[in-house]
$ cat input16.cif   # mmCIF, N, CA and C atoms and all ligand atoms
data_upload
#
loop_
_atom_site.label_atom_id
_atom_site.label_comp_id
_atom_site.auth_asym_id
_atom_site.auth_seq_id
_atom_site.Cartn_x
_atom_site.Cartn_y
_atom_site.Cartn_z
N MET A 1 -162.43 -119.19 -164.53
CA MET A 1 -162.71 -117.78 -164.20
C MET A 1 -162.74 -117.58 -162.67
N ALA A 2 -163.57 -118.39 -162.02
CA ALA A 2 -163.64 -118.28 -160.56
C ALA A 2 -162.26 -118.55 -159.95
N PHE A 3 -161.56 -119.49 -160.54
CA PHE A 3 -160.23 -119.82 -160.02
C PHE A 3 -159.27 -118.62 -160.17
N ALA A 4 -159.36 -117.97 -161.36
CA ALA A 4 -158.47 -116.83 -161.61
C ALA A 4 -158.71 -115.72 -160.58
N VAL A 5 -159.99 -115.47 -160.28
CA VAL A 5 -160.31 -114.42 -159.31
C VAL A 5 -159.76 -114.80 -157.94
N LEU A 6 -160.00 -116.03 -157.57
CA LEU A 6 -159.51 -116.52 -156.27
C LEU A 6 -157.99 -116.38 -156.17
N ALA A 7 -157.31 -116.78 -157.25
CA ALA A 7 -155.85 -116.72 -157.24
C ALA A 7 -155.39 -115.28 -157.08
N ALA A 8 -156.06 -114.35 -157.75
CA ALA A 8 -155.68 -112.94 -157.67
C ALA A 8 -155.88 -112.42 -156.25
N VAL A 9 -156.99 -112.81 -155.65
CA VAL A 9 -157.28 -112.35 -154.28
C VAL A 9 -156.24 -112.92 -153.32
N ALA A 10 -155.89 -114.18 -153.54
CA ALA A 10 -154.94 -114.81 -152.64
C ALA A 10 -153.55 -114.18 -152.76
N ALA A 11 -153.20 -113.72 -153.95
CA ALA A 11 -151.85 -113.19 -154.16
C ALA A 11 -151.70 -111.78 -153.59
N ALA A 12 -152.80 -111.02 -153.56
CA ALA A 12 -152.70 -109.60 -153.19
C ALA A 12 -152.12 -109.36 -151.79
N PRO A 13 -152.60 -110.04 -150.75
CA PRO A 13 -152.06 -109.74 -149.41
C PRO A 13 -150.57 -110.05 -149.31
N ALA A 14 -150.12 -111.10 -150.00
CA ALA A 14 -148.70 -111.45 -149.94
C ALA A 14 -147.87 -110.32 -150.54
N LEU A 15 -148.33 -109.79 -151.65
CA LEU A 15 -147.62 -108.68 -152.28
C LEU A 15 -147.57 -107.48 -151.35
N ALA A 16 -148.71 -107.16 -150.72
CA ALA A 16 -148.76 -106.01 -149.82
C ALA A 16 -147.79 -106.22 -148.66
N ALA A 17 -147.77 -107.45 -148.13
CA ALA A 17 -146.88 -107.73 -147.00
C ALA A 17 -145.42 -107.56 -147.43
N ASP A 18 -145.09 -108.04 -148.64
CA ASP A 18 -143.72 -107.90 -149.14
C ASP A 18 -143.30 -106.44 -149.21
N SER A 19 -144.18 -105.60 -149.78
CA SER A 19 -143.76 -104.21 -149.96
C SER A 19 -143.76 -103.47 -148.62
N THR A 20 -144.63 -103.89 -147.68
CA THR A 20 -144.59 -103.28 -146.35
C THR A 20 -143.27 -103.63 -145.67
N PHE A 21 -142.88 -104.89 -145.78
CA PHE A 21 -141.62 -105.33 -145.18
C PHE A 21 -140.45 -104.56 -145.78
N GLU A 22 -140.49 -104.39 -147.11
CA GLU A 22 -139.42 -103.64 -147.80
C GLU A 22 -139.37 -102.20 -147.28
N ALA A 23 -140.55 -101.58 -147.14
CA ALA A 23 -140.61 -100.19 -146.67
C ALA A 23 -140.07 -100.07 -145.24
N VAL A 24 -140.39 -101.05 -144.41
CA VAL A 24 -139.90 -101.04 -143.02
C VAL A 24 -138.37 -101.16 -143.01
N LYS A 25 -137.84 -102.02 -143.89
CA LYS A 25 -136.39 -102.18 -143.96
C LYS A 25 -135.70 -100.88 -144.39
N VAL A 26 -136.31 -100.20 -145.37
CA VAL A 26 -135.72 -98.95 -145.86
C VAL A 26 -135.72 -97.90 -144.76
N THR A 27 -136.84 -97.81 -144.02
CA THR A 27 -136.93 -96.81 -142.94
C THR A 27 -135.92 -97.12 -141.84
N ALA A 28 -135.84 -98.40 -141.46
CA ALA A 28 -134.87 -98.79 -140.42
C ALA A 28 -133.45 -98.52 -140.93
N GLY A 29 -133.24 -98.83 -142.22
CA GLY A 29 -131.92 -98.63 -142.81
C GLY A 29 -131.53 -97.16 -142.83
N GLU A 30 -132.49 -96.30 -143.06
CA GLU A 30 -132.19 -94.86 -143.08
C GLU A 30 -131.75 -94.40 -141.68
N THR A 31 -132.45 -94.89 -140.65
CA THR A 31 -132.09 -94.55 -139.27
C THR A 31 -130.68 -95.05 -138.96
N LEU A 32 -130.38 -96.28 -139.36
CA LEU A 32 -129.05 -96.85 -139.11
C LEU A 32 -127.99 -96.12 -139.92
N PHE A 33 -128.32 -95.74 -141.15
CA PHE A 33 -127.39 -94.98 -141.99
C PHE A 33 -127.05 -93.66 -141.29
N LYS A 34 -128.08 -93.00 -140.73
CA LYS A 34 -127.84 -91.72 -140.05
C LYS A 34 -126.93 -91.92 -138.84
N ALA A 35 -127.09 -93.05 -138.15
CA ALA A 35 -126.28 -93.31 -136.96
C ALA A 35 -124.85 -93.72 -137.31
N GLU A 36 -124.69 -94.50 -138.38
CA GLU A 36 -123.39 -95.14 -138.65
C GLU A 36 -122.59 -94.50 -139.79
N CYS A 37 -123.26 -93.85 -140.73
CA CYS A 37 -122.58 -93.43 -141.96
C CYS A 37 -122.73 -91.94 -142.26
N ARG A 38 -123.81 -91.33 -141.78
CA ARG A 38 -124.15 -89.98 -142.23
C ARG A 38 -123.12 -88.93 -141.83
N ARG A 39 -122.38 -89.18 -140.74
CA ARG A 39 -121.41 -88.15 -140.35
C ARG A 39 -120.32 -87.99 -141.42
N CYS A 40 -120.15 -88.98 -142.26
CA CYS A 40 -119.15 -88.87 -143.33
C CYS A 40 -119.78 -88.89 -144.73
N HIS A 41 -120.96 -89.50 -144.88
CA HIS A 41 -121.55 -89.65 -146.21
C HIS A 41 -122.90 -88.96 -146.32
N ALA A 42 -123.05 -88.07 -147.29
CA ALA A 42 -124.38 -87.57 -147.63
C ALA A 42 -125.01 -88.56 -148.61
N PRO A 43 -126.35 -88.59 -148.65
CA PRO A 43 -126.98 -89.46 -149.65
C PRO A 43 -126.87 -88.90 -151.06
N ASP A 44 -126.60 -87.62 -151.21
CA ASP A 44 -126.53 -87.04 -152.55
C ASP A 44 -125.61 -85.82 -152.57
N ALA A 45 -125.41 -85.27 -153.74
CA ALA A 45 -124.45 -84.18 -153.91
C ALA A 45 -124.99 -82.83 -153.40
N ASP A 46 -126.26 -82.78 -152.97
CA ASP A 46 -126.83 -81.52 -152.49
C ASP A 46 -126.38 -81.20 -151.06
N HIS A 47 -125.77 -82.18 -150.39
CA HIS A 47 -125.34 -81.95 -149.01
C HIS A 47 -123.82 -82.13 -148.91
N ASP A 48 -123.20 -81.43 -147.94
CA ASP A 48 -121.76 -81.60 -147.73
C ASP A 48 -121.48 -83.05 -147.38
N SER A 49 -120.42 -83.59 -147.92
CA SER A 49 -120.09 -84.99 -147.68
C SER A 49 -118.59 -85.13 -147.62
N TYR A 50 -118.08 -85.63 -146.48
CA TYR A 50 -116.63 -85.84 -146.35
C TYR A 50 -116.20 -87.02 -147.23
N GLY A 51 -116.95 -88.11 -147.16
CA GLY A 51 -116.73 -89.25 -148.05
C GLY A 51 -117.55 -89.03 -149.31
N PRO A 52 -117.47 -89.95 -150.28
CA PRO A 52 -118.28 -89.78 -151.49
C PRO A 52 -119.77 -89.92 -151.18
N PRO A 53 -120.64 -89.09 -151.79
CA PRO A 53 -122.08 -89.29 -151.61
C PRO A 53 -122.45 -90.70 -152.07
N LEU A 54 -123.45 -91.31 -151.42
CA LEU A 54 -123.72 -92.72 -151.69
C LEU A 54 -124.95 -92.96 -152.58
N GLU A 55 -125.48 -91.91 -153.20
CA GLU A 55 -126.58 -92.15 -154.15
C GLU A 55 -126.08 -93.04 -155.28
N ASN A 56 -126.94 -93.92 -155.75
CA ASN A 56 -126.63 -94.80 -156.90
C ASN A 56 -125.43 -95.72 -156.69
N VAL A 57 -125.11 -96.01 -155.42
CA VAL A 57 -123.90 -96.81 -155.18
C VAL A 57 -124.08 -98.30 -155.48
N VAL A 58 -125.31 -98.81 -155.33
CA VAL A 58 -125.49 -100.27 -155.51
C VAL A 58 -125.33 -100.64 -156.98
N GLY A 59 -124.35 -101.50 -157.26
CA GLY A 59 -124.11 -101.92 -158.64
C GLY A 59 -123.14 -101.02 -159.39
N ARG A 60 -122.65 -99.97 -158.70
CA ARG A 60 -121.74 -99.03 -159.38
C ARG A 60 -120.29 -99.49 -159.22
N ALA A 61 -119.46 -99.16 -160.19
CA ALA A 61 -118.03 -99.44 -160.07
C ALA A 61 -117.48 -98.59 -158.93
N ALA A 62 -116.61 -99.16 -158.10
CA ALA A 62 -116.03 -98.44 -156.97
C ALA A 62 -115.17 -97.28 -157.45
N GLY A 63 -115.18 -96.21 -156.65
CA GLY A 63 -114.28 -95.09 -156.93
C GLY A 63 -114.65 -94.26 -158.15
N THR A 64 -115.94 -94.19 -158.47
CA THR A 64 -116.32 -93.47 -159.69
C THR A 64 -117.29 -92.30 -159.44
N TYR A 65 -117.48 -91.90 -158.17
CA TYR A 65 -118.36 -90.74 -157.98
C TYR A 65 -117.63 -89.52 -158.54
N PRO A 66 -118.29 -88.75 -159.42
CA PRO A 66 -117.58 -87.66 -160.11
C PRO A 66 -116.91 -86.68 -159.16
N ASP A 67 -115.67 -86.34 -159.44
CA ASP A 67 -114.91 -85.32 -158.72
C ASP A 67 -114.55 -85.68 -157.29
N TYR A 68 -114.80 -86.90 -156.83
CA TYR A 68 -114.39 -87.23 -155.46
C TYR A 68 -112.94 -87.70 -155.46
N ASP A 69 -112.18 -87.22 -154.45
CA ASP A 69 -110.75 -87.53 -154.36
C ASP A 69 -110.54 -88.84 -153.58
N TYR A 70 -110.64 -89.97 -154.26
CA TYR A 70 -110.51 -91.28 -153.63
C TYR A 70 -109.06 -91.61 -153.31
N SER A 71 -108.88 -92.57 -152.39
CA SER A 71 -107.55 -93.16 -152.18
C SER A 71 -107.19 -93.95 -153.43
N THR A 72 -105.89 -94.16 -153.62
CA THR A 72 -105.44 -94.97 -154.76
C THR A 72 -106.00 -96.39 -154.64
N ALA A 73 -106.01 -96.91 -153.39
CA ALA A 73 -106.48 -98.28 -153.17
C ALA A 73 -107.91 -98.46 -153.71
N LEU A 74 -108.78 -97.51 -153.37
CA LEU A 74 -110.17 -97.66 -153.78
C LEU A 74 -110.32 -97.42 -155.29
N GLU A 75 -109.64 -96.40 -155.76
CA GLU A 75 -109.77 -96.06 -157.18
C GLU A 75 -109.27 -97.18 -158.08
N ALA A 76 -108.20 -97.86 -157.62
CA ALA A 76 -107.60 -98.90 -158.46
C ALA A 76 -108.17 -100.29 -158.18
N SER A 77 -109.15 -100.38 -157.28
CA SER A 77 -109.61 -101.70 -156.84
C SER A 77 -110.28 -102.51 -157.95
N GLY A 78 -110.93 -101.83 -158.87
CA GLY A 78 -111.59 -102.54 -159.96
C GLY A 78 -112.83 -103.30 -159.53
N ILE A 79 -113.32 -103.08 -158.29
CA ILE A 79 -114.50 -103.84 -157.86
C ILE A 79 -115.79 -103.08 -158.17
N VAL A 80 -116.89 -103.82 -158.10
CA VAL A 80 -118.22 -103.24 -158.28
C VAL A 80 -118.95 -103.40 -156.95
N TRP A 81 -119.71 -102.38 -156.58
CA TRP A 81 -120.42 -102.43 -155.29
C TRP A 81 -121.68 -103.29 -155.37
N THR A 82 -121.46 -104.59 -155.45
CA THR A 82 -122.57 -105.54 -155.37
C THR A 82 -123.04 -105.57 -153.91
N PRO A 83 -124.25 -106.12 -153.65
CA PRO A 83 -124.67 -106.27 -152.25
C PRO A 83 -123.64 -107.02 -151.42
N ALA A 84 -123.03 -108.07 -151.96
CA ALA A 84 -122.04 -108.84 -151.19
C ALA A 84 -120.82 -107.98 -150.86
N ALA A 85 -120.36 -107.19 -151.82
CA ALA A 85 -119.20 -106.33 -151.57
C ALA A 85 -119.54 -105.26 -150.52
N LEU A 86 -120.76 -104.73 -150.59
CA LEU A 86 -121.16 -103.71 -149.61
C LEU A 86 -121.26 -104.30 -148.20
N ARG A 87 -121.72 -105.55 -148.12
CA ARG A 87 -121.77 -106.22 -146.80
C ARG A 87 -120.36 -106.40 -146.25
N ALA A 88 -119.43 -106.87 -147.10
CA ALA A 88 -118.05 -107.10 -146.66
C ALA A 88 -117.41 -105.77 -146.25
N TRP A 89 -117.74 -104.72 -146.97
CA TRP A 89 -117.21 -103.38 -146.68
C TRP A 89 -117.72 -102.88 -145.33
N MET A 90 -119.03 -103.05 -145.07
CA MET A 90 -119.58 -102.61 -143.79
C MET A 90 -118.98 -103.41 -142.64
N GLU A 91 -118.73 -104.68 -142.90
CA GLU A 91 -118.22 -105.55 -141.84
C GLU A 91 -116.78 -105.20 -141.46
N ASP A 92 -115.94 -104.93 -142.46
CA ASP A 92 -114.52 -104.72 -142.17
C ASP A 92 -113.88 -104.03 -143.39
N ASN A 93 -114.18 -102.75 -143.57
CA ASN A 93 -113.77 -102.09 -144.81
C ASN A 93 -112.26 -102.08 -145.05
N ASP A 94 -111.47 -101.82 -143.95
CA ASP A 94 -110.03 -101.73 -144.19
C ASP A 94 -109.38 -103.12 -144.29
N GLY A 95 -110.06 -104.16 -143.79
CA GLY A 95 -109.59 -105.52 -144.02
C GLY A 95 -109.91 -105.95 -145.44
N PHE A 96 -111.10 -105.57 -145.89
CA PHE A 96 -111.56 -105.89 -147.24
C PHE A 96 -110.70 -105.17 -148.28
N MET A 97 -110.31 -103.94 -147.96
CA MET A 97 -109.51 -103.16 -148.91
C MET A 97 -108.42 -102.38 -148.18
N PRO A 98 -107.28 -103.03 -147.95
CA PRO A 98 -106.19 -102.32 -147.27
C PRO A 98 -105.82 -101.06 -148.05
N GLY A 99 -105.57 -99.97 -147.32
CA GLY A 99 -105.17 -98.73 -147.99
C GLY A 99 -106.33 -97.77 -148.21
N THR A 100 -107.56 -98.20 -147.93
CA THR A 100 -108.67 -97.26 -148.07
C THR A 100 -108.53 -96.16 -147.02
N LYS A 101 -109.02 -94.98 -147.33
CA LYS A 101 -108.95 -93.90 -146.33
C LYS A 101 -110.23 -93.81 -145.51
N MET A 102 -111.19 -94.73 -145.74
CA MET A 102 -112.36 -94.75 -144.85
C MET A 102 -111.97 -95.42 -143.55
N ARG A 103 -112.17 -94.71 -142.46
CA ARG A 103 -111.82 -95.24 -141.14
C ARG A 103 -112.61 -96.52 -140.88
N HIS A 104 -112.06 -97.43 -140.09
CA HIS A 104 -112.70 -98.73 -139.87
C HIS A 104 -114.15 -98.59 -139.36
N VAL A 105 -115.05 -99.27 -140.04
CA VAL A 105 -116.43 -99.39 -139.58
C VAL A 105 -116.68 -100.89 -139.45
N GLY A 106 -117.05 -101.35 -138.28
CA GLY A 106 -117.22 -102.79 -138.10
C GLY A 106 -118.66 -103.16 -137.80
N ILE A 107 -119.47 -103.23 -138.84
CA ILE A 107 -120.87 -103.62 -138.65
C ILE A 107 -120.99 -105.09 -138.99
N SER A 108 -120.98 -105.94 -137.95
CA SER A 108 -120.96 -107.38 -138.22
C SER A 108 -122.35 -108.00 -138.16
N ASP A 109 -123.34 -107.27 -137.63
CA ASP A 109 -124.70 -107.82 -137.54
C ASP A 109 -125.34 -107.85 -138.93
N PRO A 110 -125.62 -109.07 -139.46
CA PRO A 110 -126.16 -109.18 -140.82
C PRO A 110 -127.49 -108.45 -141.00
N THR A 111 -128.28 -108.34 -139.93
CA THR A 111 -129.57 -107.64 -140.04
C THR A 111 -129.33 -106.14 -140.25
N VAL A 112 -128.39 -105.60 -139.51
CA VAL A 112 -128.06 -104.18 -139.66
C VAL A 112 -127.52 -103.94 -141.08
N GLN A 113 -126.64 -104.84 -141.53
CA GLN A 113 -126.12 -104.72 -142.90
C GLN A 113 -127.27 -104.74 -143.91
N GLU A 114 -128.22 -105.65 -143.71
CA GLU A 114 -129.32 -105.79 -144.67
C GLU A 114 -130.18 -104.53 -144.70
N PHE A 115 -130.44 -103.94 -143.52
CA PHE A 115 -131.26 -102.74 -143.48
C PHE A 115 -130.54 -101.57 -144.18
N ILE A 116 -129.25 -101.40 -143.88
CA ILE A 116 -128.51 -100.31 -144.53
C ILE A 116 -128.47 -100.53 -146.04
N LEU A 117 -128.32 -101.79 -146.44
CA LEU A 117 -128.33 -102.14 -147.86
C LEU A 117 -129.68 -101.79 -148.51
N ALA A 118 -130.77 -102.05 -147.79
CA ALA A 118 -132.11 -101.72 -148.32
C ALA A 118 -132.21 -100.21 -148.53
N TYR A 119 -131.67 -99.45 -147.57
CA TYR A 119 -131.69 -97.99 -147.72
C TYR A 119 -130.83 -97.55 -148.91
N LEU A 120 -129.62 -98.13 -149.03
CA LEU A 120 -128.74 -97.76 -150.16
C LEU A 120 -129.41 -98.11 -151.49
N SER A 121 -130.14 -99.23 -151.53
CA SER A 121 -130.86 -99.59 -152.77
C SER A 121 -131.94 -98.56 -153.06
N SER A 122 -132.57 -98.04 -151.99
CA SER A 122 -133.66 -97.07 -152.21
C SER A 122 -133.14 -95.75 -152.76
N ILE A 123 -131.86 -95.43 -152.52
CA ILE A 123 -131.30 -94.19 -153.08
C ILE A 123 -130.49 -94.49 -154.35
N THR A 124 -130.63 -95.70 -154.85
CA THR A 124 -130.01 -96.07 -156.14
C THR A 124 -131.11 -96.07 -157.19
N THR A 125 -131.23 -94.96 -157.88
CA THR A 125 -132.30 -94.85 -158.88
C THR A 125 -131.74 -95.00 -160.29
N GLN A 126 -130.42 -94.93 -160.39
CA GLN A 126 -129.79 -95.06 -161.71
C GLN A 126 -129.64 -96.54 -162.07
N ASP A 127 -129.78 -96.85 -163.32
CA ASP A 127 -129.57 -98.22 -163.78
C ASP A 127 -128.07 -98.45 -163.96
N ASN A 128 -127.48 -99.26 -163.05
CA ASN A 128 -126.03 -99.47 -163.09
C ASN A 128 -125.63 -100.72 -163.85
N SER A 129 -126.55 -101.31 -164.60
CA SER A 129 -126.22 -102.59 -165.24
C SER A 129 -125.03 -102.45 -166.20
N ALA A 130 -124.88 -101.28 -166.81
CA ALA A 130 -123.77 -101.10 -167.74
C ALA A 130 -122.42 -101.09 -167.01
N VAL A 131 -122.33 -100.45 -165.83
CA VAL A 131 -121.07 -100.36 -165.13
C VAL A 131 -120.76 -101.61 -164.31
N SER A 132 -121.75 -102.47 -164.11
CA SER A 132 -121.51 -103.65 -163.26
C SER A 132 -120.79 -104.76 -164.01
N LYS A 133 -120.68 -104.63 -165.31
CA LYS A 133 -120.13 -105.74 -166.08
C LYS A 133 -118.60 -105.73 -166.10
C1 LIG B 1 -115.36 -91.70 -140.60
C2 LIG B 1 -115.97 -91.38 -141.88
C3 LIG B 1 -116.75 -92.49 -142.56
C4 LIG B 1 -117.77 -93.28 -142.03
C5 LIG B 1 -118.33 -93.28 -140.62
C6 LIG B 1 -118.23 -94.10 -143.12
N1 LIG B 1 -117.52 -93.83 -144.27
FE1 LIG B 1 -117.73 -94.76 -146.09
N2 LIG B 1 -116.16 -93.68 -146.84
C7 LIG B 1 -115.46 -92.71 -146.14
C8 LIG B 1 -114.37 -92.22 -146.98
C9 LIG B 1 -113.35 -91.14 -146.60
C10 LIG B 1 -114.44 -92.95 -148.20
C11 LIG B 1 -113.48 -92.88 -149.38
C12 LIG B 1 -112.47 -94.00 -149.14
C13 LIG B 1 -111.29 -94.07 -150.09
O1 LIG B 1 -111.19 -93.26 -151.03
O2 LIG B 1 -110.46 -94.97 -149.85
C14 LIG B 1 -115.60 -93.84 -148.07
C15 LIG B 1 -116.02 -94.72 -149.08
C16 LIG B 1 -117.16 -95.49 -149.01
C17 LIG B 1 -117.69 -96.29 -150.09
C18 LIG B 1 -117.11 -96.37 -151.52
C19 LIG B 1 -117.96 -95.48 -152.41
C20 LIG B 1 -117.48 -95.35 -153.85
O3 LIG B 1 -117.90 -94.35 -154.49
O4 LIG B 1 -116.72 -96.19 -154.36
C21 LIG B 1 -118.81 -96.90 -149.63
C22 LIG B 1 -119.71 -97.84 -150.39
C23 LIG B 1 -118.99 -96.50 -148.26
N3 LIG B 1 -117.97 -95.65 -147.90
C24 LIG B 1 -120.03 -96.90 -147.44
C25 LIG B 1 -120.16 -96.55 -146.11
C26 LIG B 1 -121.27 -97.02 -145.28
C27 LIG B 1 -122.42 -97.90 -145.75
C28 LIG B 1 -121.05 -96.50 -144.03
C29 LIG B 1 -121.88 -96.73 -142.78
C30 LIG B 1 -122.07 -98.12 -142.41
C31 LIG B 1 -119.82 -95.71 -144.10
N4 LIG B 1 -119.33 -95.77 -145.36
C32 LIG B 1 -119.26 -95.03 -143.02
C33 LIG B 1 -115.72 -92.27 -144.86
C34 LIG B 1 -116.61 -92.85 -143.97
#

$ encode --input "input16.cif" --output "structure tokens" --more "lines below"
Ligand code: HEC
Amino acid sequence: MAFAVLAAVAAAPALAADSTFEAVKVTAGETLFKAECRRCHAPDADHDSYGPPLENVVGRAAGTYPDYDYSTALEASGIVWTPAALRAWMEDNDGFMPGTKMRHVGISDPTVQEFILAYLSSITTQDNSAVSK
């Protein structure tokens, strides 16, 4: 009993630190998203967006945002936006997918990629497990 209480107390600060770190990453990622992506991408369909809105993008099949006019390259790519694919895309999108109409974005800093990814995960509220297969 005493051990169980002790274990619970010991675990609590670690959990709090984890979620604080996650929240900091999301906030930093939102700032970076605004600087690097927002001029072309809205987070949702309520705002004008030159590129496809990026809500629910993590784990989603590429080229499937409803009614968006994708390039043939992206629409036919058959890929799923896993975290690894999103990192490769941020690093060198037109190298990763020749023929895309997204202008080159070269974010090679893994920390910046990770923060933007944390933000994209935070705006992914839909369960994409069905489309990721
Ligand atoms: C200069 C405008 C521009 C900028 C800046 C830009 N994008 Fe894009 N993005 C586009 C366009 C246009 C497309 C559609 C590409 C196509 O159809 O080939 C796109 C497509 C995408 C897709 C595919 C979405 C889907 O539904 O399959 C992702 C993911 C993406 N962009 C992420 C980002 C991220 C993250 C950033 C910032 C690091 C960013 N983009 C910056 C214009 C831009």

$ closest_residue --input "input16.cif" --among "A:Val58, A:Ala76, A:Cys37, A:Val112" --to "ligand LIG 1 (chain B)" --atoms "all atoms listed in the file"
A:Cys37

$ residues_near_ligand --input "input16.cif" --ligand "ligand LIG 1 (chain B)" --cutoff "6 Å" --atoms "all atoms listed in the file" --output "list in words"
Phe33, Glu36, Cys37, Arg38, Arg39, Cys40, His41, Tyr50, Gly51, Pro52, Ala61, Ala62, Gly63, Thr64, Tyr65, Asp69, Tyr70, Ser71, Thr72, Ala73, Leu74, Glu75, Met90, Gly99, Thr100, Lys101, Met102 and Arg103 of chain A

$ write_last_selection --input "input16.cif" --atoms "N, CA and C atoms" --output "tab-separated table (two decimals), in the frame of the given file"
chain	number	residue	atom	x	y	z
A	33	PHE	N	-128.32	-95.74	-141.15
A	33	PHE	CA	-127.39	-94.98	-141.99
A	33	PHE	C	-127.05	-93.66	-141.29
A	36	GLU	N	-124.69	-94.50	-138.38
A	36	GLU	CA	-123.39	-95.14	-138.65
A	36	GLU	C	-122.59	-94.50	-139.79
A	37	CYS	N	-123.26	-93.85	-140.73
A	37	CYS	CA	-122.58	-93.43	-141.96
A	37	CYS	C	-122.73	-91.94	-142.26
A	38	ARG	N	-123.81	-91.33	-141.78
A	38	ARG	CA	-124.15	-89.98	-142.23
A	38	ARG	C	-123.12	-88.93	-141.83
A	39	ARG	N	-122.38	-89.18	-140.74
A	39	ARG	CA	-121.41	-88.15	-140.35
A	39	ARG	C	-120.32	-87.99	-141.42
A	40	CYS	N	-120.15	-88.98	-142.26
A	40	CYS	CA	-119.15	-88.87	-143.33
A	40	CYS	C	-119.78	-88.89	-144.73
A	41	HIS	N	-120.96	-89.50	-144.88
A	41	HIS	CA	-121.55	-89.65	-146.21
A	41	HIS	C	-122.90	-88.96	-146.32
A	50	TYR	N	-118.08	-85.63	-146.48
A	50	TYR	CA	-116.63	-85.84	-146.35
A	50	TYR	C	-116.20	-87.02	-147.23
A	51	GLY	N	-116.95	-88.11	-147.16
A	51	GLY	CA	-116.73	-89.25	-148.05
A	51	GLY	C	-117.55	-89.03	-149.31
A	52	PRO	N	-117.47	-89.95	-150.28
A	52	PRO	CA	-118.28	-89.78	-151.49
A	52	PRO	C	-119.77	-89.92	-151.18
A	61	ALA	N	-119.46	-99.16	-160.19
A	61	ALA	CA	-118.03	-99.44	-160.07
A	61	ALA	C	-117.48	-98.59	-158.93
A	62	ALA	N	-116.61	-99.16	-158.10
A	62	ALA	CA	-116.03	-98.44	-156.97
A	62	ALA	C	-115.17	-97.28	-157.45
A	63	GLY	N	-115.18	-96.21	-156.65
A	63	GLY	CA	-114.28	-95.09	-156.93
A	63	GLY	C	-114.65	-94.26	-158.15
A	64	THR	N	-115.94	-94.19	-158.47
A	64	THR	CA	-116.32	-93.47	-159.69
A	64	THR	C	-117.29	-92.30	-159.44
A	65	TYR	N	-117.48	-91.90	-158.17
A	65	TYR	CA	-118.36	-90.74	-157.98
A	65	TYR	C	-117.63	-89.52	-158.54
A	69	ASP	N	-112.18	-87.22	-154.45
A	69	ASP	CA	-110.75	-87.53	-154.36
A	69	ASP	C	-110.54	-88.84	-153.58
A	70	TYR	N	-110.64	-89.97	-154.26
A	70	TYR	CA	-110.51	-91.28	-153.63
A	70	TYR	C	-109.06	-91.61	-153.31
A	71	SER	N	-108.88	-92.57	-152.39
A	71	SER	CA	-107.55	-93.16	-152.18
A	71	SER	C	-107.19	-93.95	-153.43
A	72	THR	N	-105.89	-94.16	-153.62
A	72	THR	CA	-105.44	-94.97	-154.76
A	72	THR	C	-106.00	-96.39	-154.64
A	73	ALA	N	-106.01	-96.91	-153.39
A	73	ALA	CA	-106.48	-98.28	-153.17
A	73	ALA	C	-107.91	-98.46	-153.71
A	74	LEU	N	-108.78	-97.51	-153.37
A	74	LEU	CA	-110.17	-97.66	-153.78
A	74	LEU	C	-110.32	-97.42	-155.29
A	75	GLU	N	-109.64	-96.40	-155.76
A	75	GLU	CA	-109.77	-96.06	-157.18
A	75	GLU	C	-109.27	-97.18	-158.08
A	90	MET	N	-119.03	-103.05	-145.07
A	90	MET	CA	-119.58	-102.61	-143.79
A	90	MET	C	-118.98	-103.41	-142.64
A	99	GLY	N	-105.57	-99.97	-147.32
A	99	GLY	CA	-105.17	-98.73	-147.99
A	99	GLY	C	-106.33	-97.77	-148.21
A	100	THR	N	-107.56	-98.20	-147.93
A	100	THR	CA	-108.67	-97.26	-148.07
A	100	THR	C	-108.53	-96.16	-147.02
A	101	LYS	N	-109.02	-94.98	-147.33
A	101	LYS	CA	-108.95	-93.90	-146.33
A	101	LYS	C	-110.23	-93.81	-145.51
A	102	MET	N	-111.19	-94.73	-145.74
A	102	MET	CA	-112.36	-94.75	-144.85
A	102	MET	C	-111.97	-95.42	-143.55
A	103	ARG	N	-112.17	-94.71	-142.46
A	103	ARG	CA	-111.82	-95.24	-141.14
A	103	ARG	C	-112.61	-96.52	-140.88

$ residues_around --input "input16.cif" --residues "Gln113 (chain A)" --least-positions-apart "6" --cutoff "10 Å" --atoms "only C-alpha atoms" --output "compact mmCIF listing (two decimals) with N, CA and C atoms, keeping the file's coordinate frame"
# COMPACT_ATOMS: atom_id res chain seq x y z
N GLY A 29 -133.24 -98.83 -142.22
CA GLY A 29 -131.92 -98.63 -142.81
C GLY A 29 -131.53 -97.16 -142.83
N LEU A 32 -130.38 -96.28 -139.36
CA LEU A 32 -129.05 -96.85 -139.11
C LEU A 32 -127.99 -96.12 -139.92
N PHE A 33 -128.32 -95.74 -141.15
CA PHE A 33 -127.39 -94.98 -141.99
C PHE A 33 -127.05 -93.66 -141.29
N PRO A 83 -124.25 -106.12 -153.65
CA PRO A 83 -124.67 -106.27 -152.25
C PRO A 83 -123.64 -107.02 -151.42
N LEU A 86 -120.76 -104.73 -150.59
CA LEU A 86 -121.16 -103.71 -149.61
C LEU A 86 -121.26 -104.30 -148.20
N ARG A 87 -121.72 -105.55 -148.12
CA ARG A 87 -121.77 -106.22 -146.80
C ARG A 87 -120.36 -106.40 -146.25
N ALA A 88 -119.43 -106.87 -147.10
CA ALA A 88 -118.05 -107.10 -146.66
C ALA A 88 -117.41 -105.77 -146.25
N TRP A 89 -117.74 -104.72 -146.97
CA TRP A 89 -117.21 -103.38 -146.68
C TRP A 89 -117.72 -102.88 -145.33
N MET A 90 -119.03 -103.05 -145.07
CA MET A 90 -119.58 -102.61 -143.79
C MET A 90 -118.98 -103.41 -142.64
N GLU A 91 -118.73 -104.68 -142.90
CA GLU A 91 -118.22 -105.55 -141.84
C GLU A 91 -116.78 -105.20 -141.46
N ILE A 107 -119.47 -103.23 -138.84
CA ILE A 107 -120.87 -103.62 -138.65
C ILE A 107 -120.99 -105.09 -138.99
N TYR A 119 -131.67 -99.45 -147.57
CA TYR A 119 -131.69 -97.99 -147.72
C TYR A 119 -130.83 -97.55 -148.91
